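Enquirer: Provided below: coords-v4.pdb, containing PDB, C-alpha atoms.
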MODEL        1
ATOM      1  CA  MET A  26      12.049  -3.735 -89.085
ATOM      2  CA  GLY A  27       8.945  -3.950 -91.272
ATOM      3  CA  VAL A  28       7.482  -1.193 -93.424
ATOM      4  CA  ALA A  29       4.615  -0.580 -90.978
ATOM      5  CA  GLU A  30       6.981  -0.159 -88.010
ATOM      6  CA  LEU A  31       9.255   2.141 -90.015
ATOM      7  CA  ALA A  32       6.279   4.274 -91.028
ATOM      8  CA  LEU A  33       5.174   4.509 -87.395
ATOM      9  CA  VAL A  34       8.656   5.560 -86.291
ATOM     10  CA  ALA A  35       8.695   8.212 -89.032
ATOM     11  CA  ALA A  36       5.307   9.586 -87.917
ATOM     12  CA  VAL A  37       6.457   9.787 -84.297
ATOM     13  CA  VAL A  38       9.661  11.609 -85.294
ATOM     14  CA  LEU A  39       7.722  14.046 -87.491
ATOM     15  CA  VAL A  40       5.362  15.042 -84.668
ATOM     16  CA  GLY A  41       8.184  15.256 -82.117
ATOM     17  CA  ALA A  42      10.341  17.504 -84.307
ATOM     18  CA  THR A  43       7.396  19.779 -85.140
ATOM     19  CA  THR A  44       6.532  20.141 -81.468
ATOM     20  CA  GLN A  45      10.091  21.002 -80.476
ATOM     21  CA  ARG A  46      10.359  23.738 -83.090
ATOM     22  CA  VAL A  47       7.099  25.349 -81.965
ATOM     23  CA  SER A  48       7.470  25.134 -78.184
ATOM     24  CA  GLY A  49      11.238  24.860 -77.707
ATOM     25  CA  MET A  50      11.043  21.323 -76.326
ATOM     26  CA  GLY A  51       9.043  18.154 -76.739
ATOM     27  CA  PHE A  52      10.949  15.803 -79.021
ATOM     28  CA  GLY A  53      11.807  13.361 -76.250
ATOM     29  CA  LEU A  54       8.468  13.829 -74.497
ATOM     30  CA  VAL A  55       6.526  12.973 -77.642
ATOM     31  CA  SER A  56       8.859  10.416 -79.183
ATOM     32  CA  ALA A  57      10.464   8.444 -76.348
ATOM     33  CA  PRO A  58       7.372   6.483 -75.158
ATOM     34  CA  PHE A  59       6.508   5.342 -78.689
ATOM     35  CA  LEU A  60      10.094   4.599 -79.752
ATOM     36  CA  VAL A  61      10.584   2.522 -76.597
ATOM     37  CA  LEU A  62       7.366   0.644 -77.391
ATOM     38  CA  ILE A  63       8.501  -0.066 -80.967
ATOM     39  CA  LEU A  64      12.235  -0.661 -80.468
ATOM     40  CA  GLY A  65      12.570  -1.636 -76.811
ATOM     41  CA  PRO A  66      13.961   0.371 -73.855
ATOM     42  CA  PHE A  67      17.643   0.517 -74.741
ATOM     43  CA  LEU A  68      17.433   1.165 -78.506
ATOM     44  CA  GLY A  69      14.357   3.370 -78.101
ATOM     45  CA  ILE A  70      16.062   5.751 -75.670
ATOM     46  CA  LEU A  71      19.300   5.636 -77.667
ATOM     47  CA  LEU A  72      17.465   6.642 -80.852
ATOM     48  CA  THR A  73      15.606   9.351 -78.915
ATOM     49  CA  ASN A  74      18.947  10.780 -77.771
ATOM     50  CA  ALA A  75      20.422  10.642 -81.297
ATOM     51  CA  LEU A  76      17.453  12.247 -83.028
ATOM     52  CA  GLY A  77      16.944  14.698 -80.169
ATOM     53  CA  LEU A  78      20.531  15.863 -80.663
ATOM     54  CA  THR A  79      19.925  16.301 -84.391
ATOM     55  CA  THR A  80      16.596  18.096 -83.899
ATOM     56  CA  SER A  81      18.097  20.548 -81.420
ATOM     57  CA  LEU A  82      21.006  21.371 -83.732
ATOM     58  CA  ILE A  83      18.701  21.949 -86.706
ATOM     59  CA  VAL A  84      16.379  24.188 -84.690
ATOM     60  CA  LEU A  85      19.424  25.983 -83.285
ATOM     61  CA  THR A  86      20.407  27.125 -86.791
ATOM     62  CA  GLN A  87      17.176  29.139 -86.822
ATOM     63  CA  VAL A  88      17.275  30.538 -83.270
ATOM     64  CA  TRP A  89      20.971  30.749 -82.335
ATOM     65  CA  ARG A  90      20.814  34.529 -81.877
ATOM     66  CA  GLN A  91      18.481  34.017 -78.913
ATOM     67  CA  VAL A  92      20.913  31.890 -76.870
ATOM     68  CA  ASP A  93      21.579  33.209 -73.346
ATOM     69  CA  LEU A  94      25.145  32.076 -72.710
ATOM     70  CA  SER A  95      25.118  32.820 -68.982
ATOM     71  CA  LYS A  96      22.136  30.514 -68.406
ATOM     72  CA  LEU A  97      23.456  27.945 -70.877
ATOM     73  CA  VAL A  98      26.773  27.504 -69.052
ATOM     74  CA  LEU A  99      25.074  26.752 -65.730
ATOM     75  CA  LEU A 100      22.437  24.401 -67.172
ATOM     76  CA  ALA A 101      24.747  22.487 -69.514
ATOM     77  CA  LEU A 102      27.607  22.128 -67.033
ATOM     78  CA  ALA A 103      25.313  20.666 -64.391
ATOM     79  CA  ALA A 104      23.657  18.397 -66.968
ATOM     80  CA  LEU A 105      26.971  16.958 -68.163
ATOM     81  CA  ILE A 106      28.108  16.262 -64.617
ATOM     82  CA  ALA A 107      24.803  14.544 -63.776
ATOM     83  CA  ILE A 108      25.023  12.329 -66.872
ATOM     84  CA  ILE A 109      27.953  10.434 -65.317
ATOM     85  CA  PRO A 110      26.081   9.060 -62.275
ATOM     86  CA  GLY A 111      22.906   8.908 -64.380
ATOM     87  CA  ALA A 112      24.509   6.452 -66.802
ATOM     88  CA  TRP A 113      25.663   4.312 -63.894
ATOM     89  CA  VAL A 114      22.214   4.408 -62.299
ATOM     90  CA  ALA A 115      20.563   3.489 -65.609
ATOM     91  CA  LEU A 116      22.698   0.340 -65.768
ATOM     92  CA  THR A 117      22.444  -0.733 -62.132
ATOM     93  CA  VAL A 118      19.227   0.580 -60.529
ATOM     94  CA  PRO A 119      15.802  -0.813 -61.526
ATOM     95  CA  SER A 120      14.280   1.651 -63.981
ATOM     96  CA  ALA A 121      10.706   1.425 -62.636
ATOM     97  CA  PRO A 122      11.187   2.912 -59.129
ATOM     98  CA  LEU A 123      13.685   5.406 -60.513
ATOM     99  CA  ALA A 124      11.139   6.647 -63.073
ATOM    100  CA  ILE A 125       8.461   7.007 -60.395
ATOM    101  CA  VAL A 126      10.667   9.089 -58.102
ATOM    102  CA  VAL A 127      12.097  11.376 -60.795
ATOM    103  CA  GLY A 128       8.767  11.886 -62.570
ATOM    104  CA  SER A 129       6.901  12.554 -59.322
ATOM    105  CA  LEU A 130       9.397  15.161 -58.128
ATOM    106  CA  THR A 131       9.350  17.042 -61.422
ATOM    107  CA  PHE A 132       5.553  16.898 -61.781
ATOM    108  CA  SER A 133       5.020  18.113 -58.216
ATOM    109  CA  ALA A 134       7.459  20.994 -58.618
ATOM    110  CA  LEU A 135       5.885  22.083 -61.926
ATOM    111  CA  LEU A 136       2.400  21.936 -60.451
ATOM    112  CA  ALA A 137       3.471  23.918 -57.381
ATOM    113  CA  VAL A 138       4.889  26.708 -59.527
ATOM    114  CA  LEU A 139       1.737  26.851 -61.660
ATOM    115  CA  LEU A 140      -0.553  26.995 -58.618
ATOM    116  CA  SER A 141       1.364  29.729 -56.862
ATOM    117  CA  GLU A 142       2.945  32.609 -58.738
ATOM    118  CA  ARG A 143       4.991  33.442 -55.652
ATOM    119  CA  LEU A 144       6.545  29.984 -55.408
ATOM    120  CA  ARG A 145       9.714  29.834 -57.481
ATOM    121  CA  VAL A 146      11.547  26.633 -56.707
ATOM    122  CA  CYS A 147      14.413  27.037 -59.185
ATOM    123  CA  ARG A 148      15.824  30.531 -58.893
ATOM    124  CA  GLY A 149      19.310  31.942 -59.227
ATOM    125  CA  VAL A 150      22.478  29.926 -59.706
ATOM    126  CA  PRO A 151      21.385  27.053 -57.400
ATOM    127  CA  GLY A 152      18.114  26.753 -59.332
ATOM    128  CA  ALA A 153      19.862  26.634 -62.696
ATOM    129  CA  LEU A 154      22.343  24.022 -61.475
ATOM    130  CA  SER A 155      19.561  21.890 -59.976
ATOM    131  CA  ALA A 156      17.438  22.066 -63.126
ATOM    132  CA  GLY A 157      20.408  21.288 -65.362
ATOM    133  CA  ALA A 158      21.470  18.330 -63.231
ATOM    134  CA  MET A 159      17.997  16.834 -63.205
ATOM    135  CA  SER A 160      17.697  17.384 -66.961
ATOM    136  CA  GLY A 161      20.946  15.531 -67.629
ATOM    137  CA  PHE A 162      19.987  12.732 -65.264
ATOM    138  CA  MET A 163      16.551  12.276 -66.865
ATOM    139  CA  SER A 164      17.975  12.481 -70.375
ATOM    140  CA  VAL A 165      20.399   9.593 -69.909
ATOM    141  CA  THR A 166      17.947   7.429 -67.955
ATOM    142  CA  ALA A 167      14.643   8.142 -69.739
ATOM    143  CA  GLY A 168      15.398  10.160 -72.872
ATOM    144  CA  VAL A 169      13.416  13.116 -71.460
ATOM    145  CA  GLY A 170      15.314  16.187 -70.266
ATOM    146  CA  GLY A 171      12.800  18.967 -70.886
ATOM    147  CA  PRO A 172      10.613  19.129 -67.742
ATOM    148  CA  PRO A 173      13.340  20.362 -65.345
ATOM    149  CA  ILE A 174      14.378  23.092 -67.800
ATOM    150  CA  THR A 175      10.732  24.115 -68.085
ATOM    151  CA  LEU A 176      10.546  24.285 -64.291
ATOM    152  CA  TYR A 177      13.533  26.644 -64.283
ATOM    153  CA  ALA A 178      11.970  28.751 -67.053
ATOM    154  CA  LEU A 179       8.742  29.109 -65.086
ATOM    155  CA  SER A 180      10.546  29.885 -61.837
ATOM    156  CA  THR A 181      12.596  32.653 -63.423
ATOM    157  CA  GLN A 182       9.886  33.871 -65.830
ATOM    158  CA  TRP A 183      12.330  33.287 -68.671
ATOM    159  CA  GLU A 184      11.347  35.076 -71.891
ATOM    160  CA  HIS A 185      10.133  32.412 -74.332
ATOM    161  CA  ARG A 186      12.260  33.274 -77.374
ATOM    162  CA  SER A 187      15.418  33.246 -75.282
ATOM    163  CA  PHE A 188      14.327  29.960 -73.703
ATOM    164  CA  VAL A 189      13.817  28.335 -77.118
ATOM    165  CA  GLY A 190      17.269  29.284 -78.348
ATOM    166  CA  THR A 191      19.144  28.404 -75.163
ATOM    167  CA  ALA A 192      17.256  25.161 -74.609
ATOM    168  CA  GLN A 193      18.223  23.839 -78.059
ATOM    169  CA  LEU A 194      21.944  24.100 -77.378
ATOM    170  CA  CYS A 195      21.504  22.731 -73.859
ATOM    171  CA  PHE A 196      19.481  19.757 -75.132
ATOM    172  CA  ALA A 197      22.061  19.096 -77.860
ATOM    173  CA  ILE A 198      24.910  19.034 -75.347
ATOM    174  CA  THR A 199      22.942  16.792 -72.994
ATOM    175  CA  ALA A 200      21.863  14.373 -75.724
ATOM    176  CA  GLY A 201      25.424  14.165 -77.028
ATOM    177  CA  GLY A 202      26.724  13.392 -73.562
ATOM    178  CA  SER A 203      24.034  10.749 -73.079
ATOM    179  CA  LEU A 204      24.978   9.049 -76.355
ATOM    180  CA  ILE A 205      28.684   8.988 -75.486
ATOM    181  CA  SER A 206      27.967   7.583 -72.017
ATOM    182  CA  LYS A 207      26.037   4.673 -73.565
ATOM    183  CA  GLY A 208      28.458   3.809 -76.349
ATOM    184  CA  GLY A 209      27.397   5.952 -79.306
ATOM    185  CA  LEU A 210      24.806   5.674 -82.059
ATOM    186  CA  PRO A 211      22.389   2.723 -82.291
ATOM    187  CA  PRO A 212      23.266   0.166 -85.011
ATOM    188  CA  PHE A 213      20.435   0.826 -87.456
ATOM    189  CA  PRO A 214      20.624   0.320 -91.260
ATOM    190  CA  ILE A 215      21.109   3.293 -93.581
ATOM    191  CA  SER A 216      17.470   3.101 -94.724
ATOM    192  CA  MET A 217      16.294   3.622 -91.138
ATOM    193  CA  TRP A 218      18.524   6.651 -90.673
ATOM    194  CA  ALA A 219      17.480   8.119 -94.036
ATOM    195  CA  VAL A 220      13.779   7.895 -93.201
ATOM    196  CA  THR A 221      14.066   9.212 -89.643
ATOM    197  CA  LEU A 222      16.386  12.088 -90.532
ATOM    198  CA  GLY A 223      14.197  13.027 -93.500
ATOM    199  CA  THR A 224      11.013  13.158 -91.427
ATOM    200  CA  LEU A 225      12.880  14.975 -88.654
ATOM    201  CA  LEU A 226      13.916  17.733 -91.062
ATOM    202  CA  GLY A 227      10.371  17.907 -92.400
ATOM    203  CA  GLY A 228       9.018  18.287 -88.868
ATOM    204  CA  VAL A 229      11.364  21.178 -88.106
ATOM    205  CA  LEU A 230      10.342  22.945 -91.316
ATOM    206  CA  VAL A 231       6.636  22.471 -90.576
ATOM    207  CA  GLY A 232       7.171  23.636 -86.984
ATOM    208  CA  GLY A 233       9.013  26.722 -88.218
ATOM    209  CA  ARG A 234       6.001  27.722 -90.294
ATOM    210  CA  LEU A 235       3.593  27.068 -87.440
ATOM    211  CA  ALA A 236       5.748  29.039 -84.999
ATOM    212  CA  ARG A 237       5.172  32.211 -87.034
ATOM    213  CA  HIS A 238       1.449  32.011 -86.306
ATOM    214  CA  ILE A 239       1.582  30.937 -82.649
ATOM    215  CA  SER A 240       2.030  33.563 -79.935
ATOM    216  CA  ALA A 241       4.668  33.277 -77.221
ATOM    217  CA  ASP A 242       1.929  32.760 -74.611
ATOM    218  CA  ARG A 243       0.421  29.841 -76.517
ATOM    219  CA  ALA A 244       3.841  28.347 -77.143
ATOM    220  CA  ARG A 245       4.627  28.611 -73.433
ATOM    221  CA  SER A 246       1.312  26.935 -72.574
ATOM    222  CA  LEU A 247       2.182  24.088 -74.933
ATOM    223  CA  MET A 248       5.622  23.836 -73.336
ATOM    224  CA  VAL A 249       4.124  23.572 -69.841
ATOM    225  CA  ALA A 250       1.530  21.022 -70.960
ATOM    226  CA  LEU A 251       4.245  18.877 -72.514
ATOM    227  CA  ALA A 252       6.409  19.103 -69.403
ATOM    228  CA  LEU A 253       3.535  18.043 -67.134
ATOM    229  CA  THR A 254       2.531  15.245 -69.508
ATOM    230  CA  GLY A 255       6.114  14.018 -69.794
ATOM    231  CA  SER A 256       6.589  13.960 -66.034
ATOM    232  CA  LEU A 257       3.303  12.133 -65.500
ATOM    233  CA  THR A 258       4.077   9.684 -68.302
ATOM    234  CA  THR A 259       7.399   8.900 -66.644
ATOM    235  CA  VAL A 260       5.563   8.036 -63.409
ATOM    236  CA  VAL A 261       2.961   5.881 -65.186
ATOM    237  CA  LYS A 262       5.693   4.094 -67.113
ATOM    238  CA  GLY A 263       7.470   3.295 -63.862
ATOM    239  CA  ILE A 264       4.286   2.018 -62.222
ATOM    240  CA  THR A 265       3.430  -0.270 -65.142
ATOM    241  CA  GLU A 266       6.952  -1.732 -65.089
ATOM    242  CA  MET A 267       6.896  -2.523 -61.344
TER
ENDMDL
END
Show me, as structure tokens, the structure contained in the file I just sent.
Expert:
Amino acid sequence: MGVAELALVAAVVLVGATTQRVSGMGFGLVSAPFLVLILGPFLGILLTNALGLTTSLIVLTQVWRQVDLSKLVLLALAALIAIIPGAWVALTVPSAPLAIVVGSLTFSALLAVLLSERLRVCRGVPGALSAGAMSGFMSVTAGVGGPPITLYALSTQWEHRSFVGTAQLCFAITAGGSLISKGGLPPFPISMWAVTLGTLLGGVLVGGRLARHISADRARSLMVALALTGSLTTVVKGITEM
């Protein structure tokens, strides 16, 4: 990898990590499309999973007191179970139609919730299990697990600080499971890991400072915008690959 490509990867990781610290999600949404473009589908998603795991764990050290264990158990358990068929699907089913279906369903559900305050499509235990399963499935197939969790947060009117803390641990568990299902870490040189991990840490620190000056309402708006954009990007990606 040349210096220019490495610098581009570092910039993408910096923005993704900053976004996740501020809004509670967004590393995969911001980073995955660009990392796939630079490194290719397999290595790009694998690196997204690895760095997403690291980002979530670093952010978790700052927000661990806000974790809601009851919600975490339901979301993470369903996500881990869904990773198993998701890994099989990722290896056997054409990625383009799969991306279109998954992205369309998530985008439509998010939009429906936003347009009608009375429509809550992911409520209670069934809602948490459904959101967790879809998150795990999307994480292993596309490197993006945030939109379904956002859908659950909107449906249940989840308090933002609690969402941020719980989502980090859930994303870490899901990303770890995705990595294991695909054979572990990507085979990059030490220099690549040093640069990406350094910029990732810098992004979390910058995001931590920004988060002090951004209200919960604005952070939630950013979270929703990222979820909608990620879902739509997944659809567009599938269409272009058809």
Enquirer: So how many Å separate CA of Thr258 in chain A and CA of Gly65 in chain A, to one decimal?
Expert: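 Computing the Euclidean distance for CA of Thr258 in chain A and CA of Gly65 in chain A yields 16.5 Å.
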Enquirer: Enumerate, in order of chain and increasing residue number, the residues of range 49-166 of chain A with an atom no farther than 7 Å from range 205-216 of chain A, each with its shortest atom pair and distance in Å to one decimal, counting all atoms listed in the file, as a tab-separated table.
Expert:
residue	atom	partner	partner_atom	distance
A:Leu68	CA	A:Pro211	CA	6.4
A:Leu71	CA	A:Pro211	CA	6.3
A:Leu72	CA	A:Pro211	CA	6.5
A:Ala75	CA	A:Leu210	CA	6.7
A:Ala112	CA	A:Ser206	CA	6.4
Enquirer: If we count only C-alpha atoms, what is near Met163 in chain A at a cut-off of 12 Å, once residues fewer than 2 positions away on the same chain are taken out, given as an NGL selection string?
Expert: :A and (53-54 or 57 or 70 or 74 or 104-105 or 107-112 or 114-115 or 120 or 123-128 or 130-131 or 156-161 or 165-174 or 196 or 199-200 or 203 or 255-256 or 259)
Enquirer: Nearest to Ile239 in chain A among A:Val47, A:Val88, A:Leu82, A:Leu60, with distances taken over all atoms listed in the file: which residue is it?
Expert: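 For Ile239 in chain A, the nearest of the given residues is A:Val47.
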Enquirer: On this file, the PyMOL selection byres ((chain A and resi 45) around 10) gives some set of residues; write that set as a list in words.
Expert: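 Written out, the selection comes to Val40, Gly41, Ala42, Thr43, Thr44, Arg46, Val47, Ser48, Gly49, Met50, Gly51, Phe52, Gly53, Leu54, Val55, Gly77, Thr80, Ser81, Val84, Val189, Gln193, Gly228, Val229, Gly232, Gly233 and Met248 of chain A.
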Enquirer: Rounded to one decimal, what separation in Å do you get between CA of Pro151 in chain A and CA of Leu100 in chain A?
Expert: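 These two atoms are separated by 10.2 Å.
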Enquirer: Could you tell me how far CA of Gly69 in chain A sits from CA of Leu99 in chain A, in Å to one decimal place?
Expert: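 Pair CA of Leu99 in chain A / CA of Gly69 in chain A returns 28.5 Å.
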Enquirer: A:Lys96, A:Phe162, A:Ala197, A:Glu184: which is nearest Trp113 in chain A, counting all atoms listed in the file?
Expert: A:Phe162
Enquirer: Go through the shown structure with the PyMOL selection byres ((chain A and resi 186) around 10) and write out the matching residues as number ranges by chain.
Expert: A: 48-49, 88, 90-92, 183-185, 187-192, 241, 244-245
Enquirer: Between A:Val231, A:Cys195, A:Met267, A:Leu64, which residue has the minimum interatomic distance to Trp89 in chain A, considering all atoms listed in the file?
Expert: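 Nearest candidate to Trp89 in chain A out of A:Val231, A:Cys195, A:Met267, A:Leu64: A:Cys195.
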Enquirer: Where does the PyMOL selection byres ((chain A and resi 29-31) around 9) land in this file, that is, which residues does it pick, as number ranges by chain?
Expert: A: 26-28, 32-36, 63, 217, 220-221
Enquirer: Rank nothing, just name the residue among A:Thr224, A:Ser246, A:Thr117, A:Ser95 nearest to Thr175 in chain A, using only C-alpha atoms.
Expert: A:Ser246
Enquirer: I'd like to know which of A:Tyr177, A:Ala153, A:Leu204, A:Leu102 is closest to Leu78 in chain A, using only C-alpha atoms.
Expert: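 Using only C-alpha atoms, the shortest distance to Leu78 in chain A belongs to A:Leu204.
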Enquirer: Which of these residues is nearest to Leu179 in chain A, using all atoms listed in the file: A:Cys147, A:Leu94, A:Leu253, A:Ile106?
Expert: A:Cys147
